[in-house]
Structure formats: C-alpha cells, structure tokens
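All remarks here apply to the structure that follows.
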Amino acid sequence: MADISIKDKIPSIGAKMLNREFLVFLFLLTMTIVFWGVIVANEQYEGDLKIPVELVGKPKDVILLDESVDTLVVNLRESRLDFIKYKMNPPTSLVIQFSKYKQGDEVVVSNVELLKLVRQKLHRDTKINSIKRDALSFKFNHGQHKRLPVRFKGDIKTRDKYEIEIYPEFVDVYAQENLLKQLKSVNTIEQSFDVKDTVRAKLKLDLPKGSSSNPSDVSVTIVPVVYVEKSMEIPVECINEPANKKLRLFPSRVKVTFMVEMNYLNSLEEQAFRIVADYNKVADRSQQKCKFELLQSPPIVKNVKLAIDETDYLIEER
C-alpha cells in the first residue's frame with residue numbers, strides 16, 4: 001500500500017512544479033510588460049496640439065473683416081504619457097484681450113507674445129518646437145460696408161436650359177474703404193453640379209482677404225427648365241408683292257407646333273412668330289404650290305414644326 005501511495009503522489013508533485021514554473025513565467029512576463037510600458041510612456045514624442053483661441057473685449061461696433069482664428073496649432077516635444085494627457089484634457093482657451101493688442105485697425109499678437117501666452121497653458125517641462133503661425137492678426141472696422149449682388153461661380157451640366165435662384169440676392173460686405181470701392185459683386189465658392197432634377201445647395205461666399213459678409217453663405221437653387229408642347233395658328237405674311245399684284249394663299253394661316261418653357265406657356269403671342277410666302281418665288285406661276293418659310297420664333301421655344309410647308313395660291317390684279 002505504501003508503494004501505491006508514492007506512485008499516486010508523483011503526478012501531483014509534478015503538477016505543482018509545473019504550476020510554480022508557470023507562475024514564475026507569468027510574473028516575469030508581467031514585469032517585462034510593465035518595464036516596457038514605463039520606457040514607452042517616458043519616451044520623448046513630438047506631435048501637434050490644438051489650443052482654442054478666444055478674442056474677448058471686442059466693442060459692439062467692431063466688425064472682424066476676415067475669418068477669425070479659433071484654433072492655434074502648436075508642435076510639442078513631450079513624453080508619450082504627458083502628450084496623451086494633453087489630448088485627453090486639452091488646455092483651456094488662449095484669451096486675447098482686444099484692448100491690449102489693438103494696433104490701428106488690427107489686433108496683433110506677435111510671435112514672442114504668442115509664445116509667452118502658449119507657455120502659460122503648458123507644463124513647465126514641455127518643449128515647444130514651433131507655433132504654426134508667425135503671429136495672430138484680426139483685422140476689423142467700425143461697420144463700413146457695401147451691399148453687393150451675389151453671383152454663382154461654377155459649372156452646371158444639364159441637357160436643357162436651367163434657371164438659377166440665389167437667396168439672398170444681395171449681401172453686406174465689410175472691408176476697409178479702399179477695398180470696398182473695388183468690389184462690384186461677390187461670387188460663391190466654385191462648385192460644379194450635374195443637374196437632372198432641382199438642386200438645392202448652401203454655398204459659402206468667395207470673399208477677398210480682409211473682408212467678411214453678412215450672411216456668410218447663400219442658398220442656391222438650380223431648376224432645369226421644363227418644356228411642354230403647344231400649338232398655335234400663325235398667319236402667313238406675303239412679302240415682295242408688287243403694287244399691282246396680290247398673292248392669295250389657301251389656307252392663309254399655318255398650324256405651328258413647338259416646345260415652350262412652361263413659365264411662358266400662356267404668354268406667347270402670334271407676333272412672336274414670322275412665317276412668310278415670297279411672291280418672287282411664284283411670280284412666273286411655274287410653281288404649283290407656294291412654299292412657306294419660318295423666319296422668326298421666340299428664344300423660349302424649340303423644335304418648331306409647321307403642319308404644312310406649302311399651299312395653293314392665286315395671284316390677283318389689284
């Protein structure tokens with residue numbers, strides 16, 4: 001029985017030794033990971049950090065003339081761990097006092113002063129490699145502006161004609177007086193549209209540097225022109241008749257079919273078309289029929305067709 005108990009104990013002793021070796025391995029692996037993590041966390045890292053910018057103390061009558069800088073990008077050198085902390089808990093806004101940095105018609109913060117302000121937002125040991133601006137500048141005026149029409153700028157692809165609506169049609173542009181004098185209109189940013197149905201878009205305005213507008217964008221609606229079929233009976237005009245001759249046509253009116261823009265469907269008049277019969281072409285009476293010729297049709301129609309292009313005629317003495 002003693003032999004049996006020893007044999008039974010051998011596997012359990014081996015299992016304990018195996019468990020102990022595994023625990024040692026696990027401990028060493030954990031220590032290695034921790035050690036590697038500490039090295040990586042303290043390793044120096046370079047990256048960009050965004051710091052919000054806020055201009056405060058601006059008088060009510062002051063209008064900023066260009067896009068305000070709302071973020072400053074700073075390139076830092078810091079440990080990975082501290083850089084992650086910056087990302088998770090970004091610095092508070094960089095406050096720019098209007099009255100303190102006002103120079104004429106600009107608010108200017110020099111690079112040296114900017115560096116000082118940024119330094120106050122960072123840890124003492126953080127190294128600033130660069131600030132991705134030479135200086136901060138805000139141009140302004142005291143409300144001088146000019147109301148200008150808005151023009152669409154871009155490419156519109158469509159099979160037919162189109163109508164474009166811009167709302168508002170006019171905007172107030174703020175700028176220095178010398179720039180305002182040069183401006184006659186303001187364009188939208190360049191944009192292309194492939195128009196198969198009505199297109200609606202909100203577009204920013206392409207403003208010259210040193211200016212701003214109210215509003216800063218406009219609504220653009222592009223509508224393909226819809227054509228409908230319409231018919232009218234148009235009188236035929238006889239031309240080149242001599243004083244003693246009269247050209248009579250049978251019939252003297254021609255049915256004309258065409259496609260017209262829907263907006264003008266009910267506004268067309270006979271006078272918009274001109275169909276003629278030339279006396280000189282039948283003066284010798286050798287032609288059995290007198291031919292018609294369409295000389296004029298309004299620009300809002302297309303695909304004009306005459307029901308007949310010739311008719312019977314008679315030349316009478318006056």
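Going by the structure tokens order, chains are called A, B, ..., each with residues numbered from 1, while ligands are numbered from 1 in the order shown.
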
Check range 45-84 of chain A with DSSP on the backbone and list each residue it calls strand (DSSP E or B), as a ChimeraX atom specification. /A:45-56,63-64,71-79

For range 52-65 of chain A: contacts at 6 Å, only C-alpha atoms, fewer than 4 positions along chain excluded, given as a CSV table (one decimal) with all heavy atoms, in the first residue's frame:
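Output (out17.csv):
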chain,number,residue,atom,x,y,z
A,70,ASP,N,-9.7,80.6,-34.7
A,70,ASP,CA,-10.3,80.0,-33.5
A,70,ASP,C,-9.5,78.9,-32.9
A,70,ASP,O,-9.8,78.4,-31.8
A,70,ASP,CB,-11.7,79.5,-33.8
A,70,ASP,CG,-11.8,78.5,-34.9
A,70,ASP,OD1,-10.7,78.1,-35.4
A,70,ASP,OD2,-12.9,78.1,-35.3
A,71,THR,N,-8.4,78.5,-33.6
A,71,THR,CA,-7.5,77.4,-33.1
A,71,THR,C,-6.1,77.7,-33.4
A,71,THR,O,-5.8,78.1,-34.6
A,71,THR,CB,-7.9,76.0,-33.7
A,71,THR,OG1,-9.3,75.8,-33.4
A,71,THR,CG2,-7.1,74.9,-33.0
A,93,SER,N,-8.8,77.8,-23.4
A,93,SER,CA,-8.7,78.7,-24.5
A,93,SER,C,-7.6,79.8,-24.2
A,93,SER,O,-7.4,80.2,-23.1
A,93,SER,CB,-10.0,79.5,-24.7
A,93,SER,OG,-11.0,78.6,-25.2
A,94,LEU,N,-6.9,80.1,-25.3
A,94,LEU,CA,-5.9,81.2,-25.3
A,94,LEU,C,-6.7,82.5,-25.4
A,94,LEU,O,-7.2,82.8,-26.4
A,94,LEU,CB,-4.9,81.0,-26.4
A,94,LEU,CG,-3.6,81.7,-26.3
A,94,LEU,CD1,-2.7,81.1,-25.3
A,94,LEU,CD2,-2.9,81.6,-27.7
A,95,VAL,N,-6.7,83.3,-24.3
A,95,VAL,CA,-7.6,84.5,-24.3
A,95,VAL,C,-6.8,85.7,-24.8
A,95,VAL,O,-5.7,86.0,-24.3
A,95,VAL,CB,-8.1,84.8,-22.9
A,95,VAL,CG1,-8.9,86.1,-22.9
A,95,VAL,CG2,-9.0,83.6,-22.4
A,96,ILE,N,-7.3,86.4,-25.9
A,96,ILE,CA,-6.7,87.5,-26.5
A,96,ILE,C,-7.5,88.8,-26.1
A,96,ILE,O,-8.7,88.9,-26.5
A,96,ILE,CB,-6.5,87.4,-28.0
A,96,ILE,CG1,-5.9,86.1,-28.4
A,96,ILE,CG2,-5.8,88.6,-28.6
A,96,ILE,CD1,-4.5,85.9,-27.9
A,97,GLN,N,-7.0,89.7,-25.4
A,97,GLN,CA,-7.7,90.9,-25.0
A,97,GLN,C,-7.6,91.9,-26.1
A,97,GLN,O,-6.5,92.3,-26.6
A,97,GLN,CB,-7.1,91.5,-23.7
A,97,GLN,CG,-7.3,90.7,-22.4
A,97,GLN,CD,-8.8,90.8,-22.0
A,97,GLN,OE1,-9.5,91.7,-22.4
A,97,GLN,NE2,-9.2,89.9,-21.1
A,98,PHE,N,-8.8,92.3,-26.6
A,98,PHE,CA,-8.9,93.3,-27.7
A,98,PHE,C,-8.1,94.6,-27.4
A,98,PHE,O,-7.3,95.0,-28.2
A,98,PHE,CB,-10.4,93.6,-28.0
A,98,PHE,CG,-10.6,94.5,-29.2
A,98,PHE,CD1,-10.7,94.0,-30.4
A,98,PHE,CD2,-10.6,95.9,-29.0
A,98,PHE,CE1,-10.9,94.9,-31.5
A,98,PHE,CE2,-10.8,96.7,-30.1
A,98,PHE,CZ,-11.0,96.2,-31.3
A,139,LYS,N,-8.1,91.6,-38.4
A,139,LYS,CA,-8.4,93.0,-39.0
A,139,LYS,C,-9.9,93.3,-38.7
A,139,LYS,O,-10.7,92.4,-38.6
A,139,LYS,CB,-8.2,93.0,-40.5
A,139,LYS,CG,-6.7,92.9,-40.9
A,139,LYS,CD,-6.5,93.1,-42.4
A,139,LYS,CE,-5.0,93.2,-42.7
A,139,LYS,NZ,-4.8,93.4,-44.2
A,140,PHE,N,-10.2,94.6,-38.5
A,140,PHE,CA,-11.5,95.0,-38.2
A,140,PHE,C,-11.8,96.4,-38.7
A,140,PHE,O,-10.9,97.1,-39.1
A,140,PHE,CB,-11.8,94.9,-36.7
A,140,PHE,CG,-11.0,95.9,-35.9
A,140,PHE,CD1,-11.4,97.2,-35.6
A,140,PHE,CD2,-9.7,95.6,-35.4
A,140,PHE,CE1,-10.7,98.1,-34.9
A,140,PHE,CE2,-9.0,96.5,-34.6
A,140,PHE,CZ,-9.5,97.8,-34.4
A,141,ASN,N,-13.1,96.7,-38.8
A,141,ASN,CA,-13.5,98.1,-39.0
A,141,ASN,C,-14.7,98.4,-38.1
A,141,ASN,O,-15.2,97.6,-37.3
A,141,ASN,CB,-13.8,98.4,-40.5
A,141,ASN,CG,-15.1,97.8,-41.0
A,141,ASN,OD1,-15.9,97.3,-40.2
A,141,ASN,ND2,-15.3,97.9,-42.3
A,142,HIS,N,-15.2,99.6,-38.2
A,142,HIS,CA,-16.3,100.0,-37.4
A,142,HIS,C,-17.7,100.1,-38.1
A,142,HIS,O,-18.5,100.9,-37.9
A,142,HIS,CB,-16.0,101.4,-36.7
A,142,HIS,CG,-14.9,101.4,-35.8
A,142,HIS,ND1,-15.0,101.0,-34.5
A,142,HIS,CD2,-13.6,101.6,-36.0
A,142,HIS,CE1,-13.9,101.0,-33.9
A,142,HIS,NE2,-12.9,101.4,-34.7
A,143,GLY,N,-17.9,99.1,-39.0
A,143,GLY,CA,-19.2,98.9,-39.6
A,143,GLY,C,-19.2,99.4,-41.1
A,143,GLY,O,-20.3,99.3,-41.7
A,175,ALA,N,-15.4,95.7,-45.2
A,175,ALA,CA,-14.0,95.7,-45.5
A,175,ALA,C,-13.5,97.2,-45.3
A,175,ALA,O,-14.3,98.1,-45.1
A,175,ALA,CB,-13.7,95.3,-46.9
A,210,GLY,N,-9.3,90.0,-46.0
A,210,GLY,CA,-9.5,91.2,-45.3
A,210,GLY,C,-10.9,91.7,-45.4
A,210,GLY,O,-11.2,92.9,-45.3
A,211,SER,N,-11.9,90.8,-45.7
A,211,SER,CA,-13.3,91.2,-45.7
A,211,SER,C,-14.2,90.1,-45.1
A,211,SER,O,-13.7,88.9,-45.0
A,211,SER,CB,-13.7,91.4,-47.2
A,211,SER,OG,-13.7,90.2,-47.9
A,212,SER,N,-15.4,90.4,-44.8
A,212,SER,CA,-16.3,89.5,-44.3
A,212,SER,C,-17.7,89.9,-44.8
A,212,SER,O,-17.9,91.0,-45.4
A,212,SER,CB,-16.3,89.4,-42.7
A,212,SER,OG,-16.8,90.7,-42.2

Check range 100-282 of chain A with DSSP on the backbone and list each residue it calls alpha helix (DSSP H), as a list in words.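 Selection result, alpha helix (DSSP H) within range 100-282 of chain A: Lys100, Tyr101, Asn111, Val112, Glu113, Leu114, Leu115, Lys116, Leu117, Val118, Arg119, Glu177, Asn178, Leu179, Leu180, Lys181 and Gln182 of chain A.
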
Hey, can you spit out that residue selection with all heavy atoms as a compact mmCIF listing (two decimals), in the first residue's frame?
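Saved to selection_6.txt:
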# COMPACT_ATOMS: atom_id res chain seq x y z
N LYS A 100 -5.77 95.26 -25.30
CA LYS A 100 -4.34 95.11 -25.02
C LYS A 100 -3.51 95.00 -26.30
O LYS A 100 -2.38 95.52 -26.38
CB LYS A 100 -4.10 93.88 -24.13
CG LYS A 100 -2.66 93.67 -23.74
CD LYS A 100 -2.50 92.49 -22.79
CE LYS A 100 -1.04 92.28 -22.40
NZ LYS A 100 -0.89 91.13 -21.47
N TYR A 101 -4.07 94.33 -27.32
CA TYR A 101 -3.28 94.04 -28.52
C TYR A 101 -3.75 94.82 -29.75
O TYR A 101 -3.32 94.55 -30.87
CB TYR A 101 -3.33 92.53 -28.82
CG TYR A 101 -2.71 91.70 -27.72
CD1 TYR A 101 -3.52 91.01 -26.81
CD2 TYR A 101 -1.33 91.62 -27.57
CE1 TYR A 101 -2.95 90.25 -25.79
CE2 TYR A 101 -0.76 90.87 -26.56
CZ TYR A 101 -1.57 90.19 -25.67
OH TYR A 101 -1.01 89.45 -24.66
N ASN A 111 4.76 86.99 -32.39
CA ASN A 111 5.20 85.62 -32.16
C ASN A 111 5.78 85.45 -30.76
O ASN A 111 5.53 84.45 -30.08
CB ASN A 111 6.23 85.23 -33.21
CG ASN A 111 6.62 83.76 -33.12
OD1 ASN A 111 7.60 83.41 -32.48
ND2 ASN A 111 5.82 82.91 -33.76
N VAL A 112 6.53 86.46 -30.30
CA VAL A 112 7.13 86.39 -28.95
C VAL A 112 6.04 86.37 -27.89
O VAL A 112 6.07 85.57 -26.95
CB VAL A 112 8.08 87.59 -28.72
CG1 VAL A 112 8.59 87.61 -27.29
CG2 VAL A 112 9.26 87.54 -29.70
N GLU A 113 5.06 87.26 -28.04
CA GLU A 113 3.96 87.32 -27.08
C GLU A 113 3.10 86.06 -27.15
O GLU A 113 2.62 85.55 -26.13
CB GLU A 113 3.10 88.56 -27.38
CG GLU A 113 2.00 88.82 -26.36
CD GLU A 113 2.54 89.22 -24.99
OE1 GLU A 113 3.72 89.62 -24.90
OE2 GLU A 113 1.77 89.10 -24.01
N LEU A 114 2.94 85.54 -28.35
CA LEU A 114 2.16 84.32 -28.56
C LEU A 114 2.82 83.14 -27.85
O LEU A 114 2.16 82.33 -27.19
CB LEU A 114 2.05 84.04 -30.06
CG LEU A 114 0.89 83.18 -30.57
CD1 LEU A 114 -0.45 83.72 -30.10
CD2 LEU A 114 0.94 83.08 -32.08
N LEU A 115 4.14 83.06 -27.98
CA LEU A 115 4.91 82.00 -27.31
C LEU A 115 4.74 82.09 -25.80
O LEU A 115 4.57 81.07 -25.12
CB LEU A 115 6.38 82.14 -27.71
CG LEU A 115 7.31 80.98 -27.36
CD1 LEU A 115 6.88 79.71 -28.08
CD2 LEU A 115 8.74 81.33 -27.71
N LYS A 116 4.73 83.31 -25.28
CA LYS A 116 4.56 83.51 -23.84
C LYS A 116 3.17 83.05 -23.37
O LYS A 116 3.03 82.38 -22.34
CB LYS A 116 4.77 84.98 -23.51
CG LYS A 116 4.83 85.29 -22.02
CD LYS A 116 4.83 86.80 -21.77
CE LYS A 116 6.01 87.48 -22.45
NZ LYS A 116 6.04 88.95 -22.17
N LEU A 117 2.14 83.38 -24.16
CA LEU A 117 0.78 83.00 -23.81
C LEU A 117 0.58 81.48 -23.88
O LEU A 117 -0.09 80.89 -23.03
CB LEU A 117 -0.22 83.70 -24.74
CG LEU A 117 -0.33 85.21 -24.60
CD1 LEU A 117 -1.22 85.78 -25.71
CD2 LEU A 117 -0.89 85.60 -23.23
N VAL A 118 1.19 80.88 -24.89
CA VAL A 118 1.06 79.42 -25.03
C VAL A 118 1.79 78.71 -23.89
O VAL A 118 1.30 77.73 -23.33
CB VAL A 118 1.62 78.96 -26.40
CG1 VAL A 118 1.73 77.44 -26.46
CG2 VAL A 118 0.74 79.47 -27.53
N ARG A 119 2.97 79.22 -23.54
CA ARG A 119 3.76 78.63 -22.46
C ARG A 119 2.96 78.54 -21.16
O ARG A 119 3.07 77.57 -20.40
CB ARG A 119 5.04 79.45 -22.27
CG ARG A 119 5.87 79.12 -21.05
CD ARG A 119 6.35 77.70 -21.01
NE ARG A 119 7.24 77.39 -22.11
CZ ARG A 119 7.58 76.16 -22.44
NH1 ARG A 119 7.07 75.13 -21.79
NH2 ARG A 119 8.39 75.94 -23.45
N GLU A 177 -12.24 100.78 -46.60
CA GLU A 177 -12.87 101.60 -47.62
C GLU A 177 -12.25 101.41 -49.00
O GLU A 177 -12.95 101.34 -50.01
CB GLU A 177 -12.80 103.08 -47.22
CG GLU A 177 -13.63 103.99 -48.11
CD GLU A 177 -13.66 105.43 -47.61
OE1 GLU A 177 -13.16 105.68 -46.49
OE2 GLU A 177 -14.15 106.28 -48.35
N ASN A 178 -10.91 101.32 -49.07
CA ASN A 178 -10.25 101.18 -50.38
C ASN A 178 -10.62 99.86 -51.06
O ASN A 178 -10.74 99.79 -52.28
CB ASN A 178 -8.73 101.31 -50.25
CG ASN A 178 -8.14 100.28 -49.31
OD1 ASN A 178 -8.85 99.69 -48.50
ND2 ASN A 178 -6.85 100.06 -49.39
N LEU A 179 -10.82 98.79 -50.27
CA LEU A 179 -11.23 97.51 -50.85
C LEU A 179 -12.70 97.55 -51.26
O LEU A 179 -13.07 97.04 -52.32
CB LEU A 179 -10.99 96.38 -49.84
CG LEU A 179 -11.42 94.97 -50.27
CD1 LEU A 179 -10.74 94.58 -51.58
CD2 LEU A 179 -11.09 93.95 -49.19
N LEU A 180 -13.54 98.17 -50.45
CA LEU A 180 -14.96 98.26 -50.78
C LEU A 180 -15.18 98.96 -52.11
O LEU A 180 -16.08 98.59 -52.88
CB LEU A 180 -15.72 98.99 -49.67
CG LEU A 180 -15.93 98.24 -48.35
CD1 LEU A 180 -16.60 99.14 -47.34
CD2 LEU A 180 -16.74 96.97 -48.57
N LYS A 181 -14.37 99.98 -52.41
CA LYS A 181 -14.52 100.72 -53.66
C LYS A 181 -14.26 99.84 -54.88
O LYS A 181 -14.83 100.06 -55.95
CB LYS A 181 -13.57 101.92 -53.68
CG LYS A 181 -13.98 103.06 -52.75
CD LYS A 181 -12.98 104.20 -52.82
CE LYS A 181 -13.41 105.36 -51.91
NZ LYS A 181 -12.43 106.46 -51.93
N GLN A 182 -13.41 98.83 -54.72
CA GLN A 182 -13.05 97.96 -55.85
C GLN A 182 -14.10 96.88 -56.11
O GLN A 182 -14.19 96.35 -57.21
CB GLN A 182 -11.71 97.27 -55.57
CG GLN A 182 -10.55 98.23 -55.39
CD GLN A 182 -9.29 97.50 -54.96
OE1 GLN A 182 -9.08 96.34 -55.28
NE2 GLN A 182 -8.43 98.18 -54.21

Choose the residue, out of A:Gly154, A:Leu76, A:His145, A:Leu183, that has the smallest atom-to-atom separation from Ser130 in chain A; count only C-alpha atoms.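 The shortest atom-to-atom distance to Ser130 in chain A comes from A:Leu76.
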
Considering only C-alpha atoms, state which residue in the set A:Asp125, A:Asp134, A:Glu293, A:Asp217 is at the smallest distance from Phe170 in chain A. A:Asp217

Can you tell me how far CA of Lys230 in chain A sits from CA of Leu265 in chain A, in Å to one decimal?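 So the two atoms, CA of Lys230 in chain A and CA of Leu265 in chain A, lie 7.7 Å apart.
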
Residues near Lys50 in chain A, anyone? I mean within 12 Å using only C-alpha atoms, not counting same-chain ones fewer than 4 positions away, as a list in words.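 Counting only the stated atoms, we get Val69, Asp70, Thr71, Leu72, Val73, Val74, Asn75, Leu76, Phe83, Tyr86, Lys87, Met88, Asn89, Pro90, Pro91, Thr92, Ser93, Leu94, Val118, Lys121, Leu122, Ile131 and Lys132 of chain A.
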
Using only C-alpha atoms, determine which residues lie at most 12 Å from Val282 in chain A, disregarding the query and same-chain residues fewer than 5 positions distant; provide the list as a PyMOL selection string. chain A and resi 238-241+245-249+277+287-292+310-315

Might you pull out every residue within 9 Å of Val236 in chain A, with only C-alpha atoms counted and same-chain residues fewer than 5 positions away left off, and present them as a list in words?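 My list of contacting residues is Leu249, Pro251, Ser252, Arg253, Val254, Arg274, Ile275, Val276, Ala277 and Phe292 of chain A.
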
Create the file for the chosen residues now, containing N, CA, C and O atoms and written as an mmCIF file, in the first residue's frame.
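Done, and the output landed in again_31.cif:
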data_model
loop_
_atom_site.group_PDB
_atom_site.id
_atom_site.type_symbol
_atom_site.label_atom_id
_atom_site.label_comp_id
_atom_site.auth_asym_id
_atom_site.auth_seq_id
_atom_site.Cartn_x
_atom_site.Cartn_y
_atom_site.Cartn_z
ATOM 1 N N LEU A 249 -53.295 83.113 -100.499
ATOM 2 C CA LEU A 249 -52.909 81.766 -100.077
ATOM 3 C C LEU A 249 -54.139 81.023 -99.572
ATOM 4 O O LEU A 249 -55.014 81.606 -98.929
ATOM 5 N N PRO A 251 -54.665 77.508 -97.376
ATOM 6 C CA PRO A 251 -55.090 78.497 -96.374
ATOM 7 C C PRO A 251 -54.035 79.572 -96.158
ATOM 8 O O PRO A 251 -52.886 79.418 -96.568
ATOM 9 N N SER A 252 -54.450 80.619 -95.481
ATOM 10 C CA SER A 252 -53.529 81.737 -95.230
ATOM 11 C C SER A 252 -52.948 81.710 -93.803
ATOM 12 O O SER A 252 -52.200 82.608 -93.423
ATOM 13 N N ARG A 253 -53.314 80.680 -93.038
ATOM 14 C CA ARG A 253 -52.762 80.502 -91.686
ATOM 15 C C ARG A 253 -52.190 79.092 -91.584
ATOM 16 O O ARG A 253 -52.701 78.149 -92.215
ATOM 17 N N VAL A 254 -51.151 78.955 -90.787
ATOM 18 C CA VAL A 254 -50.460 77.666 -90.641
ATOM 19 C C VAL A 254 -50.413 77.269 -89.173
ATOM 20 O O VAL A 254 -50.123 78.104 -88.299
ATOM 21 N N ARG A 274 -42.852 84.571 -87.195
ATOM 22 C CA ARG A 274 -42.993 85.198 -88.522
ATOM 23 C C ARG A 274 -42.810 84.126 -89.589
ATOM 24 O O ARG A 274 -41.717 83.555 -89.732
ATOM 25 N N ILE A 275 -43.903 83.857 -90.308
ATOM 26 C CA ILE A 275 -43.879 82.896 -91.408
ATOM 27 C C ILE A 275 -44.225 83.663 -92.676
ATOM 28 O O ILE A 275 -45.217 84.403 -92.719
ATOM 29 N N VAL A 276 -43.413 83.475 -93.710
ATOM 30 C CA VAL A 276 -43.603 84.280 -94.921
ATOM 31 C C VAL A 276 -43.768 83.392 -96.160
ATOM 32 O O VAL A 276 -43.302 82.238 -96.197
ATOM 33 N N ALA A 277 -44.437 83.973 -97.157
ATOM 34 C CA ALA A 277 -44.514 83.404 -98.514
ATOM 35 C C ALA A 277 -43.972 84.471 -99.460
ATOM 36 O O ALA A 277 -44.453 85.620 -99.463
ATOM 37 N N PHE A 292 -43.754 77.992 -97.733
ATOM 38 C CA PHE A 292 -43.643 78.870 -96.565
ATOM 39 C C PHE A 292 -42.213 78.823 -96.023
ATOM 40 O O PHE A 292 -41.497 77.834 -96.205
#

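Restricting the calculation to only C-alpha atoms, the smallest distance between Thr198 in chain A and any of A:Val226, A:Ser216, A:Val186, A:His123 is found for A:Val226.
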